[in-house]
$ cat start_37.csv   # CSV, C-alpha atoms
chain,number,residue,atom,x,y,z
A,1,MET,CA,75.0,55.6,54.8
A,2,LEU,CA,75.4,56.7,58.3
A,3,CYS,CA,73.6,57.3,61.5
A,4,LEU,CA,74.3,58.2,65.0
A,5,LEU,CA,75.3,57.0,68.4
A,6,THR,CA,76.4,57.7,71.9
A,7,VAL,CA,76.0,58.0,75.5
A,8,THR,CA,76.1,56.6,79.0
A,9,PRO,CA,75.8,53.5,81.3
A,10,THR,CA,73.6,51.8,83.8
A,11,VAL,CA,74.4,49.8,87.0
A,12,GLN,CA,72.4,49.1,90.2
A,13,ALA,CA,72.2,52.3,92.3
A,14,GLN,CA,74.1,52.6,95.6
A,15,SER,CA,73.2,54.8,98.5
A,16,GLY,CA,75.3,57.9,99.3
A,17,ALA,CA,75.7,61.4,98.0
A,18,ASN,CA,74.2,62.2,94.6
A,19,PRO,CA,77.1,62.4,92.2
A,20,PHE,CA,74.8,64.3,89.8
A,21,ALA,CA,74.0,67.2,92.1
A,22,GLY,CA,74.5,70.4,90.1
A,23,GLY,CA,74.3,68.5,86.9
A,24,TRP,CA,77.0,67.6,84.3
A,25,LEU,CA,77.3,69.3,80.9
A,26,LEU,CA,78.9,68.1,77.6
A,27,ASP,CA,82.1,69.9,76.9
A,28,ALA,CA,81.5,69.8,73.1
A,29,ASP,CA,84.8,71.5,72.2
A,30,ALA,CA,86.6,68.5,73.8
A,31,SER,CA,84.2,66.0,72.2
A,32,SER,CA,83.9,64.4,68.8
A,33,LEU,CA,81.2,62.7,66.9
A,34,THR,CA,82.0,61.2,63.5
A,35,PHE,CA,80.8,58.6,61.0
A,36,LEU,CA,82.4,56.5,58.3
A,37,SER,CA,80.5,55.8,55.0
A,38,ILE,CA,81.5,53.8,52.0
A,39,LYS,CA,80.6,54.5,48.4
A,40,GLU,CA,81.5,52.4,45.4
A,41,LYS,CA,82.6,54.1,42.3
A,42,ASP,CA,85.6,52.5,40.5
A,43,GLY,CA,86.1,50.5,43.7
A,44,PRO,CA,85.1,51.1,47.4
A,45,LYS,CA,86.0,54.5,48.9
A,46,SER,CA,85.5,55.3,52.6
A,47,GLU,CA,84.7,58.8,53.8
A,48,THR,CA,84.8,60.1,57.3
A,49,SER,CA,82.4,63.0,58.2
A,50,ARG,CA,81.3,64.6,61.5
A,51,PHE,CA,78.7,66.8,63.1
A,52,ALA,CA,79.7,70.3,63.9
A,53,SER,CA,76.9,71.2,66.3
A,54,PHE,CA,75.7,69.0,69.3
A,55,SER,CA,74.9,69.5,72.9
A,56,GLY,CA,74.3,67.4,76.0
A,57,ASP,CA,73.9,67.1,79.7
A,58,VAL,CA,73.3,64.7,82.6
A,59,ASP,CA,70.6,65.9,84.9
A,60,GLU,CA,70.4,65.4,88.7
A,61,THR,CA,68.6,62.0,88.2
A,62,GLY,CA,71.4,60.6,86.1
A,63,LEU,CA,69.5,61.0,82.8
A,64,ALA,CA,72.0,61.7,80.0
A,65,THR,CA,70.8,63.4,76.8
A,66,LEU,CA,72.7,64.2,73.6
A,67,ARG,CA,71.1,66.4,70.9
A,68,ILE,CA,72.7,66.4,67.5
A,69,GLN,CA,71.8,69.1,65.0
A,70,LEU,CA,71.6,67.2,61.7
A,71,ASN,CA,71.9,70.3,59.6
A,72,SER,CA,75.4,70.5,60.9
A,73,VAL,CA,76.5,67.3,59.1
A,74,ASP,CA,80.0,68.1,57.7
A,75,THR,CA,81.4,66.1,54.8
A,76,GLN,CA,83.9,68.9,53.9
A,77,VAL,CA,82.0,69.6,50.7
A,78,ASP,CA,79.1,72.2,50.7
A,79,LEU,CA,76.8,70.5,48.2
A,80,ARG,CA,77.4,67.1,49.7
A,81,ASN,CA,76.4,68.5,53.0
A,82,VAL,CA,73.2,69.9,51.4
A,83,ARG,CA,72.4,66.5,49.9
A,84,MET,CA,72.9,64.8,53.3
A,85,ARG,CA,70.6,67.4,54.9
A,86,PHE,CA,67.7,67.3,52.4
A,87,LEU,CA,67.9,63.9,50.7
A,88,PHE,CA,69.2,61.6,53.5
A,89,PHE,CA,68.3,63.1,56.9
A,90,GLU,CA,65.3,65.2,55.6
A,91,THR,CA,66.2,67.9,58.1
A,92,PHE,CA,63.2,70.0,57.0
A,93,LYS,CA,61.1,67.4,58.8
A,94,TYR,CA,63.6,65.9,61.3
A,95,PRO,CA,66.1,68.6,62.3
A,96,GLU,CA,67.8,66.7,65.2
A,97,ALA,CA,68.7,63.3,66.5
A,98,VAL,CA,68.4,62.7,70.3
A,99,VAL,CA,70.3,60.1,72.2
A,100,SER,CA,69.5,59.3,75.8
A,101,SER,CA,70.6,56.8,78.5
A,102,THR,CA,70.8,56.6,82.3
A,103,VAL,CA,74.0,56.8,84.4
A,104,SER,CA,73.7,55.2,87.8
A,105,PRO,CA,75.3,56.4,91.0
A,106,ALA,CA,76.8,52.9,91.3
A,107,THR,CA,78.7,53.3,88.1
A,108,MET,CA,80.0,56.7,89.2
A,109,ALA,CA,81.1,55.2,92.6
A,110,LEU,CA,83.0,52.4,90.8
A,111,LEU,CA,84.7,54.9,88.5
A,112,GLN,CA,85.9,56.9,91.6
A,113,GLU,CA,87.9,53.8,92.5
A,114,THR,CA,89.0,52.4,89.1
A,115,ARG,CA,89.1,55.7,87.1
A,116,ARG,CA,88.7,53.7,83.9
A,117,MET,CA,86.3,50.9,82.9
A,118,THR,CA,84.9,49.3,79.7
A,119,LEU,CA,81.3,48.1,79.7
A,120,PRO,CA,78.3,47.8,77.4
A,121,VAL,CA,76.2,50.9,77.3
A,122,GLU,CA,72.5,50.7,76.5
A,123,PHE,CA,70.9,53.8,75.0
A,124,THR,CA,68.0,55.0,72.9
A,125,LEU,CA,68.4,56.8,69.6
A,126,ASP,CA,65.6,58.9,68.2
A,127,LEU,CA,66.4,59.5,64.5
A,128,HIS,CA,64.3,60.3,61.4
A,129,GLY,CA,61.1,59.7,63.4
A,130,VAL,CA,62.1,56.2,64.6
A,131,THR,CA,63.3,55.4,68.2
A,132,LYS,CA,65.5,52.3,68.8
A,133,THR,CA,67.2,50.9,71.9
A,134,LEU,CA,70.8,49.9,71.1
A,135,GLU,CA,74.0,48.9,72.9
A,136,VAL,CA,77.6,49.9,72.4
A,137,GLU,CA,80.8,48.8,74.1
A,138,SER,CA,82.2,51.9,75.6
A,139,THR,CA,85.2,53.0,77.7
A,140,LEU,CA,84.5,55.4,80.6
A,141,THR,CA,87.3,57.4,82.0
A,142,LEU,CA,87.1,59.7,85.1
A,143,PHE,CA,90.0,62.1,84.5
A,144,ALA,CA,89.0,64.0,87.7
A,145,ASP,CA,86.0,64.0,90.0
A,146,ASP,CA,84.5,66.6,87.7
A,147,GLN,CA,85.4,65.3,84.2
A,148,LEU,CA,84.1,62.1,82.6
A,149,SER,CA,84.9,60.8,79.1
A,150,ILE,CA,82.7,58.2,77.3
A,151,ALA,CA,84.2,56.8,74.1
A,152,SER,CA,83.2,54.0,71.7
A,153,VAL,CA,85.6,51.1,71.9
A,154,ALA,CA,85.2,50.4,68.1
A,155,PRO,CA,83.0,52.1,65.5
A,156,VAL,CA,79.4,51.2,65.8
A,157,ASP,CA,77.7,49.8,62.7
A,158,ILE,CA,74.2,51.2,62.2
A,159,ALA,CA,72.1,50.2,59.2
A,160,ALA,CA,70.0,52.7,57.3
A,161,SER,CA,67.1,50.3,57.4
A,162,MET,CA,66.9,50.6,61.2
A,163,PHE,CA,65.7,54.2,61.0
A,164,SER,CA,63.7,54.1,57.7
A,165,LEU,CA,66.5,55.7,55.8
A,166,GLU,CA,66.6,53.4,52.8
A,167,GLU,CA,64.8,55.9,50.6
A,168,GLY,CA,67.4,58.5,51.6
A,169,ILE,CA,70.2,56.1,50.4
A,170,GLU,CA,68.3,55.7,47.1
A,171,LYS,CA,68.0,59.5,46.7
A,172,LEU,CA,71.7,60.0,47.4
A,173,GLN,CA,72.6,57.3,44.9
A,174,ASP,CA,70.4,58.9,42.3
A,175,ALA,CA,71.9,62.4,42.9
A,176,ALA,CA,75.5,61.4,43.1
A,177,LYS,CA,75.4,58.6,40.6
A,178,VAL,CA,77.3,56.2,42.9
A,179,LYS,CA,76.5,53.1,44.9
A,180,ILE,CA,76.4,53.6,48.6
A,181,VAL,CA,76.7,50.9,51.3
A,182,PRO,CA,73.5,51.3,53.3
A,183,SER,CA,75.1,51.4,56.8
A,184,GLY,CA,77.5,53.6,58.6
A,185,ALA,CA,80.2,53.2,61.2
A,186,VAL,CA,79.9,55.7,64.0
A,187,SER,CA,82.6,56.7,66.5
A,188,PHE,CA,82.3,59.1,69.5
A,189,ASP,CA,84.4,60.5,72.3
A,190,LEU,CA,82.3,62.6,74.7
A,191,VAL,CA,83.5,64.6,77.6
A,192,PHE,CA,81.1,65.7,80.3
A,193,LYS,CA,82.1,68.2,83.1
A,194,LYS,CA,80.4,68.6,86.4
A,195,GLY,CA,78.6,71.9,87.0
A,196,MET,CA,80.0,73.5,83.9
A,197,SER,CA,77.9,76.5,82.8
A,198,GLN,CA,77.8,78.3,79.5
A,199,ALA,CA,78.2,81.7,81.1
A,200,GLY,CA,81.7,81.3,82.5
A,201,GLY,CA,82.6,77.6,82.5
A,202,GLN,CA,82.8,77.7,86.3
A,203,GLU,CA,81.7,74.9,88.6
A,204,ASP,CA,78.8,75.5,90.9
A,205,PRO,CA,78.3,72.4,93.1
A,206,VAL,CA,75.1,73.7,94.6
A,207,ALA,CA,73.0,75.4,91.9
A,208,PRO,CA,71.2,73.0,89.5
A,209,VAL,CA,72.4,73.2,85.9
A,210,THR,CA,69.8,74.8,83.6
A,211,THR,CA,71.9,75.4,80.5
A,212,VAL,CA,73.4,73.1,78.0
A,213,ALA,CA,76.9,73.5,76.6
A,214,SER,CA,77.0,73.0,72.8
A,215,ARG,CA,79.5,72.9,70.0
A,216,VAL,CA,78.7,75.3,67.2
A,217,LEU,CA,81.8,76.0,65.1
A,218,THR,CA,82.1,79.3,63.3
A,219,GLY,CA,83.7,80.7,60.2
A,220,ALA,CA,85.2,78.5,57.5
A,221,ASP,CA,85.1,75.4,59.8
A,222,THR,CA,81.3,75.3,60.2
A,223,ALA,CA,79.1,72.9,58.4
A,224,LEU,CA,76.0,74.8,59.5
A,225,GLU,CA,74.1,76.8,56.8
A,226,SER,CA,75.3,80.4,56.9
A,227,SER,CA,72.9,83.2,57.5
A,228,GLY,CA,72.3,85.9,54.9
A,229,GLU,CA,72.5,85.8,51.2
A,230,LEU,CA,73.8,82.8,49.3
A,231,THR,CA,76.1,82.9,46.4
A,232,GLN,CA,74.6,82.2,43.0
A,233,GLU,CA,76.5,78.9,42.9
A,234,GLU,CA,75.1,77.9,46.3
A,235,CYS,CA,71.6,78.9,45.2
A,236,PHE,CA,71.7,76.8,41.9
A,237,GLY,CA,73.0,73.8,43.8
A,238,ARG,CA,70.4,74.0,46.5
A,239,PHE,CA,67.5,74.3,44.2
A,240,ASP,CA,68.8,71.3,42.2
A,241,ILE,CA,68.9,69.2,45.4
A,242,LEU,CA,65.6,70.4,46.7
A,243,SER,CA,64.1,69.2,43.4
A,244,GLU,CA,65.3,65.7,44.2
A,245,THR,CA,63.7,65.4,47.6
A,246,GLY,CA,60.3,64.2,46.3
A,247,ALA,CA,58.7,65.9,49.3
A,248,VAL,CA,56.0,68.0,47.6
A,249,TYR,CA,52.8,65.9,47.8
A,250,PHE,CA,49.4,66.0,46.2
A,251,ARG,CA,46.4,63.6,46.4
A,252,VAL,CA,46.0,61.3,43.4
A,253,GLY,CA,44.8,63.2,40.4
A,254,SER,CA,44.6,66.4,42.4
A,255,SER,CA,46.5,69.7,42.4
A,256,ARG,CA,45.7,70.5,46.1
A,257,LEU,CA,48.9,70.6,48.2
A,258,ASP,CA,49.1,68.0,51.0
A,259,PRO,CA,50.1,69.7,54.3
A,260,ASN,CA,53.0,67.2,54.5
A,261,SER,CA,54.6,69.4,51.8
A,262,TYR,CA,54.8,72.5,54.0
A,263,PRO,CA,58.1,71.6,55.8
A,264,LEU,CA,60.0,71.4,52.5
A,265,LEU,CA,58.3,74.4,51.0
A,266,THR,CA,59.2,76.4,54.1
A,267,THR,CA,62.8,75.6,53.4
A,268,VAL,CA,62.3,76.5,49.7
A,269,THR,CA,60.8,79.9,50.8
A,270,ASP,CA,63.9,80.6,53.0
A,271,ILE,CA,66.3,79.8,50.2
A,272,ILE,CA,64.4,81.9,47.6
A,273,THR,CA,64.6,84.8,50.1
A,274,ARG,CA,68.4,84.3,50.5
A,275,CYS,CA,68.8,84.3,46.7
A,276,PRO,CA,67.4,87.8,45.9
A,277,SER,CA,69.1,88.2,42.5
A,278,LEU,CA,67.5,85.1,41.1
A,279,ASP,CA,64.1,84.2,39.8
A,280,ILE,CA,62.5,80.7,40.3
A,281,VAL,CA,60.8,78.4,37.9
A,282,VAL,CA,58.5,75.9,39.5
A,283,ALA,CA,58.0,72.9,37.1
A,284,GLY,CA,55.4,70.2,37.5
A,285,HIS,CA,55.8,66.7,36.1
A,286,THR,CA,53.7,63.5,36.1
A,287,ASP,CA,54.1,59.8,35.4
A,288,SER,CA,52.6,58.2,32.3
A,289,ALA,CA,49.3,57.1,33.8
A,290,GLY,CA,46.4,58.9,32.1
A,291,SER,CA,46.2,60.8,28.8
A,292,ASP,CA,49.0,63.2,27.7
A,293,GLN,CA,46.6,66.2,27.8
A,294,ALA,CA,45.3,65.4,31.3
A,295,ASN,CA,48.8,64.9,32.6
A,296,LEU,CA,49.9,68.2,31.1
A,297,GLN,CA,47.0,70.1,32.7
A,298,LEU,CA,47.6,68.4,36.0
A,299,SER,CA,51.3,69.3,36.0
A,300,ILE,CA,50.5,72.9,35.3
A,301,SER,CA,47.9,73.0,38.0
A,302,ARG,CA,50.3,71.5,40.6
A,303,ALA,CA,53.1,73.9,39.7
A,304,ASN,CA,50.6,76.8,40.1
A,305,SER,CA,49.6,75.5,43.5
A,306,VAL,CA,53.2,75.5,44.6
A,307,MET,CA,53.8,79.0,43.2
A,308,GLN,CA,50.7,80.3,45.0
A,309,TYR,CA,51.9,78.8,48.3
A,310,LEU,CA,55.3,80.5,47.9
A,311,VAL,CA,53.6,83.8,47.2
A,312,GLU,CA,51.4,83.4,50.3
A,313,GLN,CA,54.6,82.9,52.3
A,314,GLY,CA,55.8,86.3,51.2
A,315,ILE,CA,57.7,85.6,48.0
A,316,ASN,CA,57.2,88.3,45.4
A,317,GLY,CA,55.0,86.8,42.6
A,318,SER,CA,57.1,88.5,39.9
A,319,ARG,CA,60.0,86.2,40.9
A,320,VAL,CA,58.2,82.9,40.4
A,321,THR,CA,57.0,81.3,37.2
A,322,ALA,CA,54.9,78.1,37.1
A,323,ILE,CA,55.1,75.7,34.2
A,324,GLY,CA,54.0,72.1,33.5
A,325,PHE,CA,55.5,69.3,31.3
A,326,GLY,CA,53.1,66.5,32.0
A,327,GLU,CA,54.7,63.1,31.4
A,328,SER,CA,57.1,64.4,28.7
A,329,ARG,CA,60.3,64.6,30.8
A,330,PRO,CA,60.6,61.4,32.9
A,331,VAL,CA,63.7,60.9,35.1
A,332,ALA,CA,63.1,57.1,35.1
A,333,PRO,CA,61.2,54.5,33.2
A,334,ASN,CA,57.5,54.3,34.3
A,335,ASP,CA,58.0,50.6,35.1
A,336,THR,CA,58.0,50.4,38.9
A,337,ALA,CA,56.1,52.2,41.7
A,338,ARG,CA,59.3,54.0,42.9
A,339,ASN,CA,60.1,55.2,39.4
A,340,ARG,CA,56.6,56.4,38.8
A,341,SER,CA,56.9,58.3,42.1
A,342,ARG,CA,60.1,59.9,41.0
A,343,ASN,CA,58.5,61.0,37.8
A,344,ARG,CA,55.6,62.6,39.7
A,345,ARG,CA,57.6,65.6,41.0
A,346,ILE,CA,58.0,69.3,41.4
A,347,GLU,CA,61.3,70.8,40.3
A,348,PHE,CA,62.8,74.2,41.3
A,349,THR,CA,65.2,76.0,38.9
A,350,ALA,CA,66.9,79.2,39.7
A,351,THR,CA,67.4,81.7,36.8
A,352,SER,CA,69.2,85.0,36.6
A,353,SER,CA,66.9,88.1,36.8
$ encode --input "start_37.csv" --output "structure tokens"
Amino acid sequence: MLCLLTVTPTVQAQSGANPFAGGWLLDADASSLTFLSIKEKDGPKSETSRFASFSGDVDETGLATLRIQLNSVDTQVDLRNVRMRFLFFETFKYPEAVVSSTVSPATMALLQETRRMTLPVEFTLDLHGVTKTLEVESTLTLFADDQLSIASVAPVDIAASMFSLEEGIEKLQDAAKVKIVPSGAVSFDLVFKKGMSQAGGQEDPVAPVTTVASRVLTGADTALESSGELTQEECFGRFDILSETGAVYFRVGSSRLDPNSYPLLTTVTDIITRCPSLDIVVAGHTDSAGSDQANLQLSISRANSVMQYLVEQGINGSRVTAIGFGESRPVAPNDTARNRSRNRRIEFTATSS
């Protein structure tokens, strides 16, 4: 459904003064990072979204790095943002994407003369635990000797399959009940400033840059999860979506939690803490393999294991109830491996105290 992008070029190095002395920082307030996705419900519909928090720099060797906080994905709809975080990007395991490339002194020297040039930019993208080397046609503009813009010439198509995000697409489709095109078109316009510091935005041509400028929007404009208590509506929606992650794992036939479950359950713990007026029901479910009675007992045991973990993380045990339904409430036919996996699940439901 989408993915990421960006960064900077490479040409053979030339001798002379180091154009990266003092470092360059991303001016995130002057930069943009967006993606276009397409869903099909009563015909194709395109949606443009963005990231609200990202940071970057170019160090004194010319290594350019961009860090994108995936929890800041902004679709303009709160619950859609939450789906993107937990179902698509799985930010409880992969909180950021990192883009890197190398800018050569030769490129900077040429820009000093031309002020504007278009060329292919090779970069690496680390996303969802997968690292790929990609290339994008970009326009570089040197507005002043201390301000550089790097912008995509056209949106960059990135397939979900490149970063093992196919299952994320499936989960979004199951949750939203729509068909989603499994690729996204990413656009960027990044502005770097030489020697810019967070402290005062002043240029220091001598001291090396050790801070990174970042864009973190505040108030109603932010897509980042707010701190403090959530509203009841926000709580209900988040627990519904957390139930669809399929990220609580057990060994076959066992109720012992797999450590791979801990990142999601840490997020569940945080959200329970931020919903103090609500109690939580942890429900266990199984597929149809095995007897009804064995599956019922297994589902109860698994729900109890999750409840015990939450209590160990500091949740008051009086707020959590564990229950099991065995194979009696499937969300899909038990006819494929994926559907059986969907039926083997832990669900979280918020209830009024």
$ closest_residue --input "start_37.csv" --among "A:Arg302, A:Arg319, A:Arg251, A:Arg338" --to "Ser277 (chain A)" --atoms "only C-alpha atoms"
A:Arg319
$ atom_distance --input "start_37.csv" --atom1 "CA of Thr336 (chain A)" --atom2 "CA of Asn81 (chain A)"
29.4 Å
$ atom_distance --input "start_37.csv" --atom1 "CA of Gly317 (chain A)" --atom2 "CA of Ser301 (chain A)"
16.2 Å
$ residues_around --input "start_37.csv" --residues "Val268 (chain A)" --least-positions-apart "5" --cutoff "10 Å" --atoms "all atoms listed in the file" --output "VMD selection string"
chain A and resid 92 238 to 239 242 to 243 262 to 263 273 to 274 310 348
$ residues_around --input "start_37.csv" --residues "Lys193 (chain A)" --least-positions-apart "3" --cutoff "7 Å" --atoms "only C-alpha atoms" --output "ChimeraX atom specification"
/A:24-27,146-148,196
$ build_atoms --input "start_37.csv" --residues "region 313-324 of chain A" --atoms "all heavy atoms" --output "mmCIF file, in the frame of the given file"
data_model
loop_
_atom_site.group_PDB
_atom_site.id
_atom_site.type_symbol
_atom_site.label_atom_id
_atom_site.label_comp_id
_atom_site.auth_asym_id
_atom_site.auth_seq_id
_atom_site.Cartn_x
_atom_site.Cartn_y
_atom_site.Cartn_z
ATOM 1 N N GLN A 313 53.563 82.825 51.283
ATOM 2 C CA GLN A 313 54.600 82.900 52.300
ATOM 3 C C GLN A 313 55.449 84.124 52.240
ATOM 4 O O GLN A 313 56.383 84.292 53.016
ATOM 5 C CB GLN A 313 55.479 81.619 52.251
ATOM 6 C CG GLN A 313 54.738 80.316 52.398
ATOM 7 C CD GLN A 313 53.814 80.302 53.605
ATOM 8 O OE1 GLN A 313 54.258 80.467 54.739
ATOM 9 N NE2 GLN A 313 52.523 80.080 53.368
ATOM 10 N N GLY A 314 55.144 85.007 51.276
ATOM 11 C CA GLY A 314 55.800 86.300 51.200
ATOM 12 C C GLY A 314 56.788 86.459 50.038
ATOM 13 O O GLY A 314 57.437 87.502 49.925
ATOM 14 N N ILE A 315 56.880 85.467 49.154
ATOM 15 C CA ILE A 315 57.700 85.600 48.000
ATOM 16 C C ILE A 315 57.047 86.480 46.948
ATOM 17 O O ILE A 315 55.856 86.283 46.652
ATOM 18 C CB ILE A 315 58.079 84.227 47.382
ATOM 19 C CG1 ILE A 315 58.799 83.345 48.414
ATOM 20 C CG2 ILE A 315 58.932 84.388 46.133
ATOM 21 C CD1 ILE A 315 60.094 83.919 48.930
ATOM 22 N N ASN A 316 57.766 87.427 46.390
ATOM 23 C CA ASN A 316 57.200 88.300 45.400
ATOM 24 C C ASN A 316 56.820 87.462 44.142
ATOM 25 O O ASN A 316 57.641 86.746 43.564
ATOM 26 C CB ASN A 316 58.269 89.340 44.955
ATOM 27 C CG ASN A 316 57.714 90.417 44.044
ATOM 28 O OD1 ASN A 316 56.862 90.145 43.192
ATOM 29 N ND2 ASN A 316 58.204 91.633 44.202
ATOM 30 N N GLY A 317 55.549 87.573 43.747
ATOM 31 C CA GLY A 317 55.000 86.800 42.600
ATOM 32 C C GLY A 317 55.757 86.989 41.335
ATOM 33 O O GLY A 317 55.784 86.103 40.465
ATOM 34 N N SER A 318 56.371 88.178 41.156
ATOM 35 C CA SER A 318 57.100 88.500 39.900
ATOM 36 C C SER A 318 58.360 87.641 39.779
ATOM 37 O O SER A 318 58.931 87.550 38.688
ATOM 38 C CB SER A 318 57.423 89.956 39.831
ATOM 39 O OG SER A 318 58.348 90.321 40.856
ATOM 40 N N ARG A 319 58.795 87.027 40.892
ATOM 41 C CA ARG A 319 60.000 86.200 40.900
ATOM 42 C C ARG A 319 59.773 84.770 40.579
ATOM 43 O O ARG A 319 60.724 84.004 40.416
ATOM 44 C CB ARG A 319 60.758 86.348 42.217
ATOM 45 C CG ARG A 319 61.247 87.736 42.582
ATOM 46 C CD ARG A 319 62.034 87.685 43.871
ATOM 47 N NE ARG A 319 63.167 86.773 43.766
ATOM 48 C CZ ARG A 319 63.791 86.226 44.806
ATOM 49 N NH1 ARG A 319 63.375 86.497 46.032
ATOM 50 N NH2 ARG A 319 64.816 85.417 44.620
ATOM 51 N N VAL A 320 58.525 84.347 40.535
ATOM 52 C CA VAL A 320 58.200 82.900 40.400
ATOM 53 C C VAL A 320 57.371 82.676 39.161
ATOM 54 O O VAL A 320 56.372 83.365 38.925
ATOM 55 C CB VAL A 320 57.464 82.402 41.643
ATOM 56 C CG1 VAL A 320 57.296 80.887 41.564
ATOM 57 C CG2 VAL A 320 58.207 82.790 42.919
ATOM 58 N N THR A 321 57.760 81.682 38.375
ATOM 59 C CA THR A 321 57.000 81.300 37.200
ATOM 60 C C THR A 321 56.651 79.792 37.348
ATOM 61 O O THR A 321 57.497 78.983 37.759
ATOM 62 C CB THR A 321 57.851 81.442 35.917
ATOM 63 O OG1 THR A 321 58.220 82.814 35.789
ATOM 64 C CG2 THR A 321 57.069 81.003 34.685
ATOM 65 N N ALA A 322 55.393 79.463 37.016
ATOM 66 C CA ALA A 322 54.900 78.100 37.100
ATOM 67 C C ALA A 322 54.788 77.528 35.665
ATOM 68 O O ALA A 322 54.291 78.216 34.767
ATOM 69 C CB ALA A 322 53.624 77.968 37.824
ATOM 70 N N ILE A 323 55.239 76.293 35.477
ATOM 71 C CA ILE A 323 55.100 75.700 34.200
ATOM 72 C C ILE A 323 54.917 74.167 34.374
ATOM 73 O O ILE A 323 55.306 73.604 35.405
ATOM 74 C CB ILE A 323 56.432 75.910 33.338
ATOM 75 C CG1 ILE A 323 56.243 75.452 31.897
ATOM 76 C CG2 ILE A 323 57.642 75.252 33.992
ATOM 77 C CD1 ILE A 323 57.394 75.886 30.982
ATOM 78 N N GLY A 324 54.266 73.519 33.412
ATOM 79 C CA GLY A 324 54.000 72.100 33.500
ATOM 80 C C GLY A 324 54.510 71.359 32.272
ATOM 81 O O GLY A 324 54.416 71.883 31.160
#
